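Here's the structure we're looking at; comments come further down.
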There are 2 protein chains.
Amino acid sequence: MTGTLSVVGLGPGSPDQITPEALAAVAVATDFFGYFPYIDRLNLRPDQRRHASDNREELFRARAALEMAAKGEKVCVVSGGDPGVFAMAAAVCEAIDDGPAEWREIEMSVVPGVTAMLAVAAKAGAPLGHDFCAISLSNNLKPWDIIEKRLVAAATAGFVMAFYNPISKARPHQLGEAFDILRAHLPGSVPVIFGRAAGRPDEAIHIVELADAKGEMADMATCVIVGTAETRLIERKDQRPIVYSPRSFGGAGK
Amino acid sequence: MTGTLSVVGLGPGSPDQITPEALAAVAVATDFFGYFPYIDRLNLRPDQRRHASDNREELFRARAALEMAAKGEKVCVVSGGDPGVFAMAAAVCEAIDDGPAEWREIEMSVVPGVTAMLAVAAKAGAPLGHDFCAISLSNNLKPWDIIEKRLVAAATAGFVMAFYNPISKARPHQLGEAFDILRAHLPGSVPVIFGRAAGRPDEAIHIVELADAKGEMADMATCVIVGTAETRLIERKDQRPIVYSPRSFGGAGK
C-alpha cells in the first residue's frame, strides 16, 4: 500500500501569504516533516504528528518522509517560501532517485508558494523587473569557483541577482566575497536590497549602493537582491525609495 | 489628497493559489486596472469599478491607474502570477519615475504572488532545484542580441532557465531560435518542460529533450523551463516522470 507525499511551500512567513492550496494540503496530511520553525507555523490538530528536525538534515528528512509515505501514510514535507527554490522539493526528488523502486510509486505533489525574493522585491518596488537569476551562496553543495563563475556570468550578462543562503555562522565570508567579485563588474551605484522577514512584524528592508554593501549586513534569514546598471532608485518624501529594474533595455521602448 | 495604489499578483490561475493578502488588497480597492482576463478572475462587488484593457498597453494602464490614485481613489492594478516578474509592478514604477512629482506621494504597495515558473516547476518536480534564471524572450523592449547573450551566459554558467513570453503571433520565431542557440551549448538530452495553465483545469505539462524542443510546442501562455546538464529525469510507472535539478553540483554532497 502506497501513501501520498506533498511538499508544501508556506510562503515567506506571514500567514496572509500562504495559499489556500497549501493549507488544504496541510489539512489532509497526518505526518509532518520539516525544519522546526516551519512546522511551528502550522496549527496542527492533535491527530497530526510532527517530525521536526534541524535545518541541515534535508536528505535524511526527505528519506524519513518517503519511508513513511511508502507505508501508506499521508505525509507532508513543509518548506518556507517555495519548496522548489533552494528548499525541500529537490531533496525529496534526490532521495527518490537514489531510493528503492517503491518510492517512485508514491503519489508525490509539490505545492508552490511565494518565494523570499518575490516578497522582498515587492517591498522594494520592482527590482526583478527585467531578466533575473537566483543563486544560493552556500558552498556546502557546490564548489565556490562555480558560484564565482555564475556571479560573473550574471553580472556581465545583465541579470538582476537574488541571493539565497547568503551567509551563516559556518560560512561568514561568502557574501562579502560575492560583493567584492561584483564590484569588479558592476558600477558602485548599483542598488543592493537586504530583505529580512518580508511581510512579518519584524520585517527589515535596507537599500545600499553596491560600493557600500558588506557581508555583515545580512544574516541567514536575509534575501539579498543586487540590481544591474539599469536598476533605478526613485526617492520619495516620507517613504522608502522605490527600487525598480526597467522592463526595457537601455531605455528602449520608453 | 492622495490615494493608494496596490499592484497585486493573482498567482498562476487557480483561485486556490491566490494569497489571502492579495484578496484583502482587492477587497479594499475601488478601481481596478489590468489585462481583462485577470480582472475577470475577480468577483468584484457592484461598487468596484473595472478599467480593463488590452495586454499590450502596460505603461498607458499604469499611468491611468496612477492618475486615479493621485485623485484620492483606492486603486488596484492586477497581474497574473507575481506582479514583479515580467508584469505590472515595473511598469508602474517606470510611470512614477517619469511622471509628475505628486505620483511619488501615492502610497504604493506591491502584493507578491506565485509566479508561473514556480507553478510549472512544482508540477514537474523540482527543475529549479539549483541556481536558475528567468528570461523574457520578448524583444519588444530589448534587442534580440541581448537576449542571445543572456541565453549563452546562462547556459554556459549552468543556470536552469525559465522563459516568460516565449512566443506570440507577432513574435513566432524567438523560442525556436532560443532552442537553436542553447543546443550549441547544452547536451541534447537536457530536459525541457512546457507548462501551460498549471493548476487550472486545462493544465498541460509536456517534457521533451532539448534536441527535440520546438518553438511551436509553446504559446504565449506557456512557461518554458530548460534544465542544465545536471538536471535529471526519474521515470515512473503510470505517472509523469519527475524532473529535478540536484542541489549539489556534480553529485558533490550526495
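Residue numbers start at 1 in each chain; chains themselves are named A, B, ... in the order of the C-alpha cells; ligands are numbered from 1 in the order shown.
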
Tell me which protein, DNA and RNA residues are within 12 Å of Pro143 of chain B, counting only C-alpha atoms, leaving out same-chain ones fewer than 2 positions away, and put them as a CSV table (one decimal) with N, CA and C atoms, in the first residue's frame.
```csv
chain,number,residue,atom,x,y,z
A,247,ARG,N,11.7,47.5,-17.6
A,247,ARG,CA,11.4,46.4,-18.4
A,247,ARG,C,12.2,46.5,-19.7
A,248,SER,N,12.5,47.7,-20.1
A,248,SER,CA,13.2,47.9,-21.4
A,248,SER,C,14.7,48.0,-21.2
A,249,PHE,N,15.4,47.6,-22.1
A,249,PHE,CA,16.9,47.6,-22.1
A,249,PHE,C,17.4,49.0,-22.6
A,250,GLY,N,18.2,49.7,-21.8
A,250,GLY,CA,18.8,50.9,-22.3
A,250,GLY,C,17.8,52.0,-22.6
A,251,GLY,N,16.7,51.9,-21.9
A,251,GLY,CA,15.6,53.0,-22.2
A,251,GLY,C,14.8,52.7,-23.4
A,252,ALA,N,15.1,51.7,-24.2
A,252,ALA,CA,14.4,51.4,-25.4
A,252,ALA,C,12.9,51.2,-25.0
A,253,GLY,N,12.0,51.6,-25.9
A,253,GLY,CA,10.6,51.4,-25.7
A,253,GLY,C,9.9,52.3,-24.8
B,136,SER,N,12.7,36.9,-20.2
B,136,SER,CA,11.6,37.2,-21.1
B,136,SER,C,12.2,37.1,-22.5
B,137,LEU,N,11.6,36.3,-23.3
B,137,LEU,CA,12.0,36.1,-24.7
B,137,LEU,C,11.4,37.2,-25.6
B,138,SER,N,10.7,38.1,-25.1
B,138,SER,CA,10.1,39.2,-25.9
B,138,SER,C,11.2,40.2,-26.3
B,139,ASN,N,11.3,40.5,-27.6
B,139,ASN,CA,12.2,41.5,-28.0
B,139,ASN,C,11.5,42.8,-28.3
B,140,ASN,N,10.3,43.0,-27.7
B,140,ASN,CA,9.6,44.3,-27.8
B,140,ASN,C,10.3,45.4,-27.0
B,141,LEU,N,10.9,45.0,-25.9
B,141,LEU,CA,11.5,46.0,-25.0
B,141,LEU,C,13.0,45.9,-24.9
B,145,ASP,N,19.9,40.7,-29.5
B,145,ASP,CA,21.3,40.3,-29.2
B,145,ASP,C,21.5,40.3,-27.7
B,146,ILE,N,20.8,41.1,-27.0
B,146,ILE,CA,20.9,41.0,-25.5
B,146,ILE,C,20.3,39.7,-25.0
B,147,ILE,N,19.2,39.3,-25.6
B,147,ILE,CA,18.6,38.0,-25.2
B,147,ILE,C,19.5,36.9,-25.5
B,148,GLU,N,20.1,36.9,-26.7
B,148,GLU,CA,21.0,35.9,-27.1
B,148,GLU,C,22.2,35.8,-26.2
B,149,LYS,N,22.8,36.9,-25.8
B,149,LYS,CA,23.9,37.0,-24.9
B,149,LYS,C,23.5,36.4,-23.5
B,150,ARG,N,22.3,36.6,-23.0
B,150,ARG,CA,21.9,36.1,-21.8
B,150,ARG,C,21.6,34.6,-21.8
B,174,GLN,N,11.1,33.5,-31.9
B,174,GLN,CA,12.1,33.7,-30.9
B,174,GLN,C,12.4,32.4,-30.1
```

Would you list the contacts of Phe32 of chain B as a ChimeraX atom specification, taking every protein, DNA or RNA residue within 7 Å and counting only C-alpha atoms, but skipping same-chain residues closer than 4 positions in sequence? /B:49-51,75-77

Got a sec: who's within 8 Å of Gln48 of chain B, counting only C-alpha atoms, leaving out chain neighbours fewer than 3 positions off, as a ChimeraX atom specification? /B:29-32,44-45

Which of segment 5-238 of chain B end up as strand (DSSP E) when DSSP is run on this backbone - answer as a PyMOL selection string? chain B and resi 5-9+31-35+49-53+74-79+107-111+125-126+132-136+160-164+191-196+204-209+222-226+232-234

With 7 Å as the limit and counting only C-alpha atoms, what residues in chain A lie close to chain B? Please list them as a PyMOL selection string. chain A and resi 16-21+84-86+89-90+93-94+97+104-105+110-114+118-119+122-123+125-126+128-136+141-142+149-150+153+157+234+236-237+244-249+252-253

By how many Å are atom CA of Tyr38 of chain B and atom CA of Ala27 of chain A apart? 28.7 Å

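Non-sequential neighbours of Tyr35 of chain B (distance at most 10 Å, separation of 5 or more positions within a chain, only C-alpha atoms) are Asp40, His51, Ala52, Ser53, Asp54, Asn55, Arg56, Glu57, Glu58, Arg61, Val77, Val78, Ser79, Gly80 and Met88 of chain B.
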
Those residues you just picked out, can you put them in a file as a compact mmCIF listing (two decimals), in the first residue's frame with all heavy atoms?
```
# COMPACT_ATOMS: atom_id res chain seq x y z
N ASP B 40 -11.19 39.61 -14.92
CA ASP B 40 -12.32 38.68 -14.96
C ASP B 40 -12.22 37.59 -13.88
O ASP B 40 -13.20 36.95 -13.55
CB ASP B 40 -12.42 38.00 -16.34
CG ASP B 40 -12.99 38.95 -17.38
OD1 ASP B 40 -13.53 40.00 -16.99
OD2 ASP B 40 -12.88 38.64 -18.58
N HIS B 51 -11.55 48.82 -15.06
CA HIS B 51 -10.95 49.59 -16.15
C HIS B 51 -10.05 48.62 -16.92
O HIS B 51 -8.83 48.78 -16.94
CB HIS B 51 -10.14 50.76 -15.62
CG HIS B 51 -10.88 51.65 -14.66
ND1 HIS B 51 -11.56 52.77 -15.06
CD2 HIS B 51 -11.08 51.55 -13.32
CE1 HIS B 51 -12.13 53.35 -14.00
NE2 HIS B 51 -11.85 52.64 -12.93
N ALA B 52 -10.66 47.61 -17.50
CA ALA B 52 -9.87 46.56 -18.17
C ALA B 52 -9.27 47.09 -19.47
O ALA B 52 -9.80 48.01 -20.08
CB ALA B 52 -10.75 45.35 -18.45
N SER B 53 -8.15 46.51 -19.86
CA SER B 53 -7.52 46.95 -21.10
C SER B 53 -6.78 45.78 -21.75
O SER B 53 -6.65 44.71 -21.19
CB SER B 53 -6.54 48.09 -20.82
OG SER B 53 -5.54 47.68 -19.91
N ASP B 54 -6.31 46.06 -22.94
CA ASP B 54 -5.54 45.09 -23.70
C ASP B 54 -4.20 44.85 -23.01
O ASP B 54 -3.71 45.68 -22.27
CB ASP B 54 -5.33 45.65 -25.12
CG ASP B 54 -4.69 44.64 -26.02
OD1 ASP B 54 -5.40 43.75 -26.52
OD2 ASP B 54 -3.46 44.73 -26.22
N ASN B 55 -3.57 43.69 -23.29
CA ASN B 55 -2.35 43.31 -22.59
C ASN B 55 -1.13 44.11 -23.01
O ASN B 55 -0.12 44.12 -22.33
CB ASN B 55 -2.07 41.82 -22.85
CG ASN B 55 -1.14 41.24 -21.81
OD1 ASN B 55 -1.02 41.79 -20.72
ND2 ASN B 55 -0.48 40.16 -22.15
N ARG B 56 -1.20 44.82 -24.13
CA ARG B 56 0.00 45.47 -24.66
C ARG B 56 0.08 46.95 -24.29
O ARG B 56 0.87 47.69 -24.84
CB ARG B 56 0.05 45.27 -26.17
CG ARG B 56 0.14 43.76 -26.50
CD ARG B 56 0.18 43.50 -27.97
NE ARG B 56 1.34 44.11 -28.60
CZ ARG B 56 1.57 44.09 -29.90
NH1 ARG B 56 0.72 43.51 -30.70
NH2 ARG B 56 2.65 44.66 -30.39
N GLU B 57 -0.78 47.36 -23.37
CA GLU B 57 -0.83 48.79 -23.03
C GLU B 57 -0.38 49.03 -21.60
O GLU B 57 -0.99 49.77 -20.85
CB GLU B 57 -2.26 49.30 -23.20
CG GLU B 57 -2.79 49.14 -24.60
CD GLU B 57 -4.30 49.38 -24.69
OE1 GLU B 57 -4.92 49.64 -23.64
OE2 GLU B 57 -4.81 49.32 -25.79
N GLU B 58 0.72 48.39 -21.20
CA GLU B 58 1.09 48.40 -19.78
C GLU B 58 1.40 49.78 -19.23
O GLU B 58 0.95 50.13 -18.13
CB GLU B 58 2.28 47.47 -19.56
CG GLU B 58 1.90 46.01 -19.84
CD GLU B 58 3.01 45.04 -19.50
OE1 GLU B 58 4.18 45.46 -19.46
OE2 GLU B 58 2.70 43.86 -19.29
N ARG B 61 -1.72 51.94 -19.07
CA ARG B 61 -2.55 51.48 -17.97
C ARG B 61 -1.98 51.92 -16.63
O ARG B 61 -2.71 52.37 -15.74
CB ARG B 61 -2.60 49.95 -18.02
CG ARG B 61 -3.49 49.31 -16.99
CD ARG B 61 -3.20 47.83 -16.91
NE ARG B 61 -3.40 47.17 -18.20
CZ ARG B 61 -2.73 46.10 -18.59
NH1 ARG B 61 -1.82 45.54 -17.82
NH2 ARG B 61 -2.98 45.57 -19.77
N VAL B 77 -4.05 47.56 -9.28
CA VAL B 77 -3.60 47.08 -10.59
C VAL B 77 -3.35 45.59 -10.46
O VAL B 77 -2.59 45.17 -9.58
CB VAL B 77 -2.30 47.81 -11.00
CG1 VAL B 77 -1.75 47.23 -12.31
CG2 VAL B 77 -2.53 49.31 -11.14
N VAL B 78 -4.01 44.79 -11.28
CA VAL B 78 -3.86 43.34 -11.12
C VAL B 78 -2.96 42.73 -12.20
O VAL B 78 -2.95 43.17 -13.35
CB VAL B 78 -5.23 42.62 -11.12
CG1 VAL B 78 -6.06 43.04 -9.91
CG2 VAL B 78 -6.00 42.86 -12.40
N SER B 79 -2.18 41.75 -11.76
CA SER B 79 -1.31 40.98 -12.64
C SER B 79 -1.61 39.50 -12.41
O SER B 79 -1.99 39.11 -11.31
CB SER B 79 0.17 41.19 -12.26
OG SER B 79 0.70 42.36 -12.83
N GLY B 80 -1.38 38.68 -13.43
CA GLY B 80 -1.32 37.25 -13.17
C GLY B 80 0.00 36.95 -12.50
O GLY B 80 0.93 37.78 -12.50
N MET B 88 3.13 43.95 -14.04
CA MET B 88 2.80 45.37 -13.94
C MET B 88 3.64 46.19 -12.95
O MET B 88 3.66 47.42 -13.06
CB MET B 88 1.32 45.52 -13.59
CG MET B 88 0.38 45.30 -14.77
SD MET B 88 0.70 46.41 -16.17
CE MET B 88 0.34 48.02 -15.46
```
